[in-house]
Amino acid sequence: MLAVYVILDGYDFGAGIIHLFFAKTEKDKKAITNAIGPFWDANEVWLIAAGGVLFFAFPTLYASSFSGFYLPLIMILWLLIFRAIGLELRGQIHNRMWESVWDKAFGLASLLLALFFGIALGNVVRGVNLGMVANGVSTQEAHYFFLPLWNPTFSPQTEHLGIIDWFTLLLGIIGVVALSIHGANWIIFKTNSDLNAKLKKVIFNLNFVLLALVIISLLVWHIIEPKPFHNFIKSPLLWIFPLITFTGLFGLFKVKSFKKDGLGFLFSSLFLFGGLTSTVASIFPKVLPSSNTVNPSLTLYNVAAEEYGLSVGVYWFAIAIVLVAIYMVIQYKVFKGKMDDVGYGEH
Amino acid sequence: MLFYDRMQFAFTITFHYLFPQLTMGLSLIIVYFKGNFLRTKLEKYNDAAKFWMRIFALNFAMGVVTGIPMEFQFGTNWAKFSELTGGIIGQTLAMEGMFSFFLESSFLGLFLFGEKLLGHKLHFITGFLVFLGSWASGFLIIATHSWMQHPVGYEILENGKFVLNNFGALFSNIWLWPSYLHNQAASLVTASFVVAAIGAFYILNNKHSEFGKLFVKTGVVFGLISSVIVAFPTGDMAAKNVVKHQPVTFAAMEGIFETEVGGSEIILIGQPNVLEKKLDNKIAVPNILSFLTYQKWEAEIKGLNEFDEKIYPTNIPGLYYAYHIMVGLGTIFIGLMLIAAVQLFRKKLYKTKWILWSLLFMLPFPYIANTTGWYTAELGRQPWLVYNLLRTTAGASPTVSSGNTLFTLLGFIGLYLLLGLLFLMLVGKIINKGPQIIKH
């Protein structure tokens, strides 16, 4: 569900970043808000729903990670609010000052959200100081922790970790670049704006940056996780996920010659999906690694709810997912094709 | 530490619930307008539906953006509570996301932008689905709330975790249905009063007065019915649950410090003096409370003196005032709506200026009544998170320091202040513009 969220709301964040840096004229801006306007709200629901499912299926993980990542999570909430009001309020009053304030709010919030979600992924890979061990002794229950936003050294390998260090920041920047590409692809897919030709060049150039960043991250990965390929060697089928990632990444180099406008979006979705699943496959069954040797990592098995609750959950979840699929089909059918004339935000 | 956690939850939930309490009730009134348009083909009903849709959309957006922090705070600020009970309350909260939020968010877009695309009948259906989604959301939240007030279908493991052993019990909880219906009726009270107040404003201001009359009429009819239902049977049933299962809460709500022989009086006014365990300056009517509670004038109602102080509600004066403000306002609502309905029936309402002014000035009070109603329920549950089983002190996040919580609380206060100002500005703009004039 989180992967779906990243792919769906990811294009909204990306569109916001593009909006911030590349949309110069009123027409460009209209095109971008039209392309995401009717969807962002439903996309955000995936985050709420994923949070809810995490809550009931893995209560311990929910409790541990939400309290441990307290500050960045609350800030993500604030940014989501700014993103939403930026998008919704802009068109309410026709005044240049009003519009430019909300343009910036929408764009900056989107940029920071992309950065924060990348950093979040970095934290999950790197692990946290579970039990808040100091001098070899736990000062909290074994599955609780708390991270400040950063520590003065910005190092991912000290005892006193921070949310932001050079490794998580690297993943944050990958998040920004990847989602910018993803958002640009969505805009090309859903509009006929004048911006599209320019965006193809942007995607092409950003893709080199992305490739470089991905290679750097793979090179430094072993510093964080000594045996990143352990799971892949044990079950070679898992190689499918990195394969998907690189199909997406290399596919995007051909962006200038795509005949169909939706193809770019497909490839960037593949990259995001592959990247996330490869990461999960690499640390599996860990869901939140421990950075110390005193307390064990949180794994899928030690954080799950009790069996009866989970088995009832599976039933209603199956029903709900079918319903959600139906709603999405209806929604995307009604708002299919190019969205240039939706007139979003002008009610 | 606990103090800031509680303040943050209280502040964010109070602000959040200003919006859903309107949208749940208003969605029903919009569906009514749209349905009337389909039946009568009179344009004014469609225009009325469209006007209230604009107000609905703004409130809905506010409800969504302020609602997400609510779900997150269970984990961020109440980690221990989430860890211990997540297997149960996580169910209903996750179901809310999966069943109602997806329904609402998918069809709201269609409802707001799809009138031309869909035609009136399908448009009506999308409106109905939005209504259904918002009422389902309320249901699942109150199912969660009811479990905390009156836990059912669970067992407690050795490590202190609550695990579910009966899914159906969550929905047949005796606490659930009275609370749900009470709350939905109260939401309809807010919506009706808002519709009537805007209508009164248009009539008194002599602007859009045709719509003003329609709004006042609709608001008064819905308002009278819902105000009565809030009190009887739903409020009565909810209160009887409290007497039976949380007698100490009931005593504190009513301000009864001592058990009274020969039947308890009902307190109308008075200030609780917790130190001396009595009520100062009270005005009370003998035996009425016993009659209302047990339908017997002489029935005994336990006073606070019968209970251990360790299980007293943490904030007795707050609970007492919240409850009395809610009941007092609820009574005034029934009175005003009854008078307005009589004048409406006599076809004199639109000329009776003092009633129109009263309807206009009554606008904030249903919000206050709804909020104090929730304070009654929540303060009444203290000092417990799960009644009689898990104390609030045992539920907060163990690793989040008070400095961090105060930081985010201040951030929320600032941000919500901004949101509130923007909201008032925009809603004022919509009301000032008014419903569209019918074009021929």
# chains A, B, ... in the order shown; residues from 1 in each chain; ligands from 1
>>> interface_residues(of="chain B", to="chain A", cutoff="6 Å", atoms="only C-alpha atoms", output="list in words")
Val65, Gly75, Thr76, Ala79, Ser82, Glu83, Gly86, Gly87, Gly90, Gln91, Leu93, Ala94, Gly97, Met98, Phe99, Ser105, Ser106, Gly109, Leu164 and Thr399 of chain B
>>> write_last_selection(atoms="N, CA, C and O atoms", output="mmCIF file, in the first residue's frame")
data_model
loop_
_atom_site.group_PDB
_atom_site.id
_atom_site.type_symbol
_atom_site.label_atom_id
_atom_site.label_comp_id
_atom_site.auth_asym_id
_atom_site.auth_seq_id
_atom_site.Cartn_x
_atom_site.Cartn_y
_atom_site.Cartn_z
ATOM 1 N N VAL B 65 -7.764 17.822 5.929
ATOM 2 C CA VAL B 65 -6.396 18.192 6.301
ATOM 3 C C VAL B 65 -6.185 18.188 7.813
ATOM 4 O O VAL B 65 -5.086 17.916 8.283
ATOM 5 N N GLY B 75 -0.166 7.111 17.114
ATOM 6 C CA GLY B 75 1.174 6.540 17.128
ATOM 7 C C GLY B 75 2.217 7.491 17.685
ATOM 8 O O GLY B 75 3.064 7.098 18.484
ATOM 9 N N THR B 76 2.143 8.787 17.284
ATOM 10 C CA THR B 76 3.212 9.686 17.693
ATOM 11 C C THR B 76 3.151 10.007 19.188
ATOM 12 O O THR B 76 4.169 9.976 19.862
ATOM 13 N N ALA B 79 1.860 6.146 21.855
ATOM 14 C CA ALA B 79 2.439 4.910 21.333
ATOM 15 C C ALA B 79 2.116 3.697 22.199
ATOM 16 O O ALA B 79 1.775 2.626 21.700
ATOM 17 N N SER B 82 -1.349 2.675 21.637
ATOM 18 C CA SER B 82 -1.482 2.053 20.313
ATOM 19 C C SER B 82 -0.929 0.642 20.307
ATOM 20 O O SER B 82 -1.504 -0.267 19.717
ATOM 21 N N GLU B 83 0.218 0.488 20.961
ATOM 22 C CA GLU B 83 0.841 -0.833 20.970
ATOM 23 C C GLU B 83 -0.073 -1.841 21.677
ATOM 24 O O GLU B 83 -0.259 -2.965 21.201
ATOM 25 N N GLY B 86 -3.797 -1.601 19.645
ATOM 26 C CA GLY B 86 -3.861 -1.444 18.189
ATOM 27 C C GLY B 86 -4.557 -2.590 17.477
ATOM 28 O O GLY B 86 -5.240 -2.390 16.477
ATOM 29 N N GLY B 87 -4.401 -3.813 18.016
ATOM 30 C CA GLY B 87 -5.053 -4.959 17.396
ATOM 31 C C GLY B 87 -6.569 -4.828 17.381
ATOM 32 O O GLY B 87 -7.259 -5.485 16.599
ATOM 33 N N GLY B 90 -7.223 -0.408 16.074
ATOM 34 C CA GLY B 90 -6.654 -0.275 14.734
ATOM 35 C C GLY B 90 -7.612 -0.814 13.677
ATOM 36 O O GLY B 90 -7.668 -0.315 12.552
ATOM 37 N N GLN B 91 -8.378 -1.853 14.051
ATOM 38 C CA GLN B 91 -9.342 -2.437 13.095
ATOM 39 C C GLN B 91 -10.327 -1.377 12.609
ATOM 40 O O GLN B 91 -10.467 -1.144 11.417
ATOM 41 N N LEU B 93 -10.296 1.854 12.974
ATOM 42 C CA LEU B 93 -9.697 3.034 12.349
ATOM 43 C C LEU B 93 -9.226 2.731 10.927
ATOM 44 O O LEU B 93 -9.385 3.549 10.021
ATOM 45 N N ALA B 94 -8.656 1.540 10.733
ATOM 46 C CA ALA B 94 -8.226 1.170 9.381
ATOM 47 C C ALA B 94 -9.440 0.996 8.467
ATOM 48 O O ALA B 94 -9.416 1.364 7.296
ATOM 49 N N GLY B 97 -10.521 4.260 7.052
ATOM 50 C CA GLY B 97 -9.741 4.668 5.891
ATOM 51 C C GLY B 97 -10.159 3.910 4.642
ATOM 52 O O GLY B 97 -10.408 4.493 3.590
ATOM 53 N N MET B 98 -10.261 2.596 4.781
ATOM 54 C CA MET B 98 -10.509 1.754 3.610
ATOM 55 C C MET B 98 -11.941 1.891 3.087
ATOM 56 O O MET B 98 -12.171 1.868 1.891
ATOM 57 N N PHE B 99 -12.899 1.966 3.982
ATOM 58 C CA PHE B 99 -14.292 1.975 3.513
ATOM 59 C C PHE B 99 -14.838 3.376 3.296
ATOM 60 O O PHE B 99 -15.525 3.621 2.314
ATOM 61 N N SER B 105 -13.614 10.435 -0.931
ATOM 62 C CA SER B 105 -12.690 11.230 -1.732
ATOM 63 C C SER B 105 -12.866 10.952 -3.218
ATOM 64 O O SER B 105 -12.724 11.846 -4.033
ATOM 65 N N SER B 106 -13.200 9.696 -3.573
ATOM 66 C CA SER B 106 -13.372 9.399 -4.995
ATOM 67 C C SER B 106 -14.602 10.094 -5.553
ATOM 68 O O SER B 106 -14.582 10.618 -6.659
ATOM 69 N N GLY B 109 -14.925 14.402 -5.756
ATOM 70 C CA GLY B 109 -14.438 15.047 -6.981
ATOM 71 C C GLY B 109 -15.499 15.010 -8.066
ATOM 72 O O GLY B 109 -15.768 16.004 -8.732
ATOM 73 N N LEU B 164 -8.251 -8.920 20.086
ATOM 74 C CA LEU B 164 -9.637 -9.085 19.688
ATOM 75 C C LEU B 164 -9.992 -10.567 19.691
ATOM 76 O O LEU B 164 -9.216 -11.395 19.222
ATOM 77 N N THR B 399 9.107 7.728 24.711
ATOM 78 C CA THR B 399 10.386 8.353 24.356
ATOM 79 C C THR B 399 10.258 9.792 23.877
ATOM 80 O O THR B 399 11.252 10.438 23.605
#
>>> residues_around(residues="Ala281 in chain A", least_positions_apart="2", cutoff="9 Å", atoms="only C-alpha atoms", output="list in words")
Asn231, Phe232, Leu238, Phe241, Leu276, Thr277, Ser278, Thr279, Ile283, Phe284 and Pro285 of chain A
>>> residues_around(residues="Lys260 in chain A", least_positions_apart="5", cutoff="12 Å", atoms="only C-alpha atoms", output="PDB file with N, CA and C atoms, in the first residue's frame")
ATOM      1  N   ASN A 185       6.500  13.331 -15.918  1.00  0.00           N
ATOM      2  CA  ASN A 185       5.867  12.334 -16.782  1.00  0.00           C
ATOM      3  C   ASN A 185       4.352  12.391 -16.690  1.00  0.00           C
ATOM      4  N   ILE A 188       3.100  15.366 -18.669  1.00  0.00           N
ATOM      5  CA  ILE A 188       3.115  15.072 -20.106  1.00  0.00           C
ATOM      6  C   ILE A 188       1.945  14.162 -20.470  1.00  0.00           C
ATOM      7  N   PHE A 189       1.700  13.179 -19.590  1.00  0.00           N
ATOM      8  CA  PHE A 189       0.635  12.211 -19.832  1.00  0.00           C
ATOM      9  C   PHE A 189      -0.740  12.876 -19.852  1.00  0.00           C
ATOM     10  N   LYS A 190      -0.974  13.796 -18.914  1.00  0.00           N
ATOM     11  CA  LYS A 190      -2.327  14.301 -18.743  1.00  0.00           C
ATOM     12  C   LYS A 190      -2.615  15.653 -19.388  1.00  0.00           C
ATOM     13  N   LYS A 254      14.977   7.026 -23.188  1.00  0.00           N
ATOM     14  CA  LYS A 254      14.390   7.112 -24.521  1.00  0.00           C
ATOM     15  C   LYS A 254      13.190   8.063 -24.550  1.00  0.00           C
ATOM     16  N   VAL A 255      13.024   8.839 -23.469  1.00  0.00           N
ATOM     17  CA  VAL A 255      11.813   9.646 -23.307  1.00  0.00           C
ATOM     18  C   VAL A 255      11.523  10.531 -24.523  1.00  0.00           C
ATOM     19  N   PHE A 265       5.413   7.873 -17.911  1.00  0.00           N
ATOM     20  CA  PHE A 265       4.844   7.677 -16.583  1.00  0.00           C
ATOM     21  C   PHE A 265       4.954   6.214 -16.160  1.00  0.00           C
ATOM     22  N   LEU A 266       4.732   5.329 -17.105  1.00  0.00           N
ATOM     23  CA  LEU A 266       4.844   3.897 -16.814  1.00  0.00           C
ATOM     24  C   LEU A 266       6.257   3.558 -16.345  1.00  0.00           C
ATOM     25  N   GLY A 337      -7.910  10.807 -20.167  1.00  0.00           N
ATOM     26  CA  GLY A 337      -7.318  11.627 -21.219  1.00  0.00           C
ATOM     27  C   GLY A 337      -6.720  12.913 -20.705  1.00  0.00           C
TER      28      GLY A 337
END
>>> select_by_dssp(residues="range 88-337 of chain B", states="helix (DSSP H, G or I)", output="MDAnalysis selection string")
chainID B and resid 88:113 115:149 169:172 176:204 209:245 247:254 288:294 304:306 309:311 316:337
>>> residues_around(residues="Ile288 in chain B", least_positions_apart="4", cutoff="8 Å", atoms="only C-alpha atoms", output="NGL selection string")
:B and (264-266 or 292 or 297)
>>> write_last_selection(atoms="C-alpha atoms", output="mmCIF file, in the first residue's frame")
data_model
loop_
_atom_site.group_PDB
_atom_site.id
_atom_site.type_symbol
_atom_site.label_atom_id
_atom_site.label_comp_id
_atom_site.auth_asym_id
_atom_site.auth_seq_id
_atom_site.Cartn_x
_atom_site.Cartn_y
_atom_site.Cartn_z
ATOM 1 C CA SER B 264 -32.002 13.247 43.637
ATOM 2 C CA GLU B 265 -32.574 16.825 42.555
ATOM 3 C CA ILE B 266 -31.592 18.087 39.141
ATOM 4 C CA LEU B 292 -35.525 11.231 34.388
ATOM 5 C CA TRP B 297 -39.346 9.994 41.826
#
>>> residues_around(residues="Ala134 in chain A", least_positions_apart="5", cutoff="12 Å", atoms="only C-alpha atoms", output="list in words")
Asn129, Thr139, Gln140, Phe145, Thr158, Glu159, His160, Leu161, Ser291, Asn292, Thr293, Val294 and Asn295 of chain A
>>> select_by_dssp(residues="range 103-279 of chain A", states="strand (DSSP E)", output="list in words")
Val133, Ala134, Val137 and Ser138 of chain A
>>> write_last_selection(atoms="N, CA and C atoms", output="PDB file, in the first residue's frame")
ATOM      1  N   VAL A 133      19.863   2.469  23.474  1.00  0.00           N
ATOM      2  CA  VAL A 133      20.995   1.922  24.212  1.00  0.00           C
ATOM      3  C   VAL A 133      22.074   2.984  24.410  1.00  0.00           C
ATOM      4  N   ALA A 134      22.514   3.124  25.636  1.00  0.00           N
ATOM      5  CA  ALA A 134      23.659   3.995  25.919  1.00  0.00           C
ATOM      6  C   ALA A 134      24.629   3.209  26.787  1.00  0.00           C
ATOM      7  N   VAL A 137      23.603  -0.400  27.552  1.00  0.00           N
ATOM      8  CA  VAL A 137      22.416  -0.714  28.348  1.00  0.00           C
ATOM      9  C   VAL A 137      21.188  -0.033  27.737  1.00  0.00           C
ATOM     10  N   SER A 138      20.085  -0.759  27.636  1.00  0.00           N
ATOM     11  CA  SER A 138      18.848  -0.160  27.136  1.00  0.00           C
ATOM     12  C   SER A 138      18.298   0.817  28.171  1.00  0.00           C
TER      13      SER A 138
END
>>> residues_around(residues="Tyr4 in chain B", least_positions_apart="5", cutoff="8 Å", atoms="only C-alpha atoms", output="ChimeraX atom specification")
/B:402,405-406,409
>>> residues_around(residues="Gly162 in chain A", least_positions_apart="6", cutoff="9 Å", atoms="only C-alpha atoms", output="list in words")
Asn123, Val128, Leu147, Pro148, Leu149, Trp150, Asn151, Pro152, Phe154, Ser155 and Pro156 of chain A
>>> write_last_selection(atoms="N, CA, C and O atoms", output="compact mmCIF listing (two decimals), in the first residue's frame")
# COMPACT_ATOMS: atom_id res chain seq x y z
N ASN A 123 16.14 6.15 6.64
CA ASN A 123 16.14 5.78 8.06
C ASN A 123 15.75 4.33 8.27
O ASN A 123 16.30 3.66 9.15
N VAL A 128 17.66 2.14 13.50
CA VAL A 128 17.63 3.12 14.58
C VAL A 128 18.11 2.47 15.86
O VAL A 128 18.20 1.24 15.95
N LEU A 147 14.45 9.71 17.70
CA LEU A 147 15.55 10.31 16.95
C LEU A 147 15.37 11.82 16.86
O LEU A 147 14.30 12.30 16.50
N PRO A 148 16.43 12.58 17.17
CA PRO A 148 16.39 14.01 16.88
C PRO A 148 16.52 14.21 15.38
O PRO A 148 16.81 13.25 14.65
N LEU A 149 16.32 15.43 14.91
CA LEU A 149 16.37 15.64 13.46
C LEU A 149 17.77 15.37 12.91
O LEU A 149 17.92 14.85 11.83
N TRP A 150 18.81 15.75 13.65
CA TRP A 150 20.17 15.43 13.19
C TRP A 150 21.10 15.39 14.40
O TRP A 150 20.75 15.87 15.47
N ASN A 151 22.26 14.79 14.19
CA ASN A 151 23.31 14.92 15.19
C ASN A 151 24.43 15.75 14.56
O ASN A 151 24.49 15.87 13.33
N PRO A 152 25.29 16.34 15.38
CA PRO A 152 26.26 17.30 14.83
C PRO A 152 27.20 16.70 13.77
O PRO A 152 27.73 17.44 12.95
N PHE A 154 26.38 14.36 11.47
CA PHE A 154 25.65 13.88 10.29
C PHE A 154 26.16 12.52 9.82
O PHE A 154 26.22 12.24 8.63
N SER A 155 26.54 11.69 10.75
CA SER A 155 27.06 10.37 10.38
C SER A 155 26.03 9.29 10.66
O SER A 155 25.36 9.32 11.70
N PRO A 156 25.88 8.35 9.74
CA PRO A 156 24.93 7.26 9.97
C PRO A 156 25.49 6.15 10.86
O PRO A 156 24.86 5.12 11.03
>>> closest_residue(among="B:Phe101, B:Tyr294, B:Tyr323, B:Tyr154", to="Lys240 in chain B", atoms="only C-alpha atoms")
B:Tyr294
>>> closest_residue(among="A:Leu199, A:Leu206, A:Ile187, A:Ala114", to="Leu79 in chain A", atoms="only C-alpha atoms")
A:Ala114
>>> closest_residue(among="B:Thr66, B:Lys296, B:Phe257, B:Ala49", to="Leu415 in chain B", atoms="only C-alpha atoms")
B:Thr66
>>> closest_residue(among="B:Ile55, B:Leu118, B:Ile225, B:Ile88", to="Asn166 in chain B", atoms="only C-alpha atoms")
B:Ile88
>>> closest_residue(among="B:Trp52, B:Phe167, B:Phe15, B:Phe74", to="Ala396 in chain B", atoms="only C-alpha atoms")
B:Phe74
>>> atom_distance(atom1="CA of Met24 in chain B", atom2="CA of Val194 in chain B")
12.7 Å
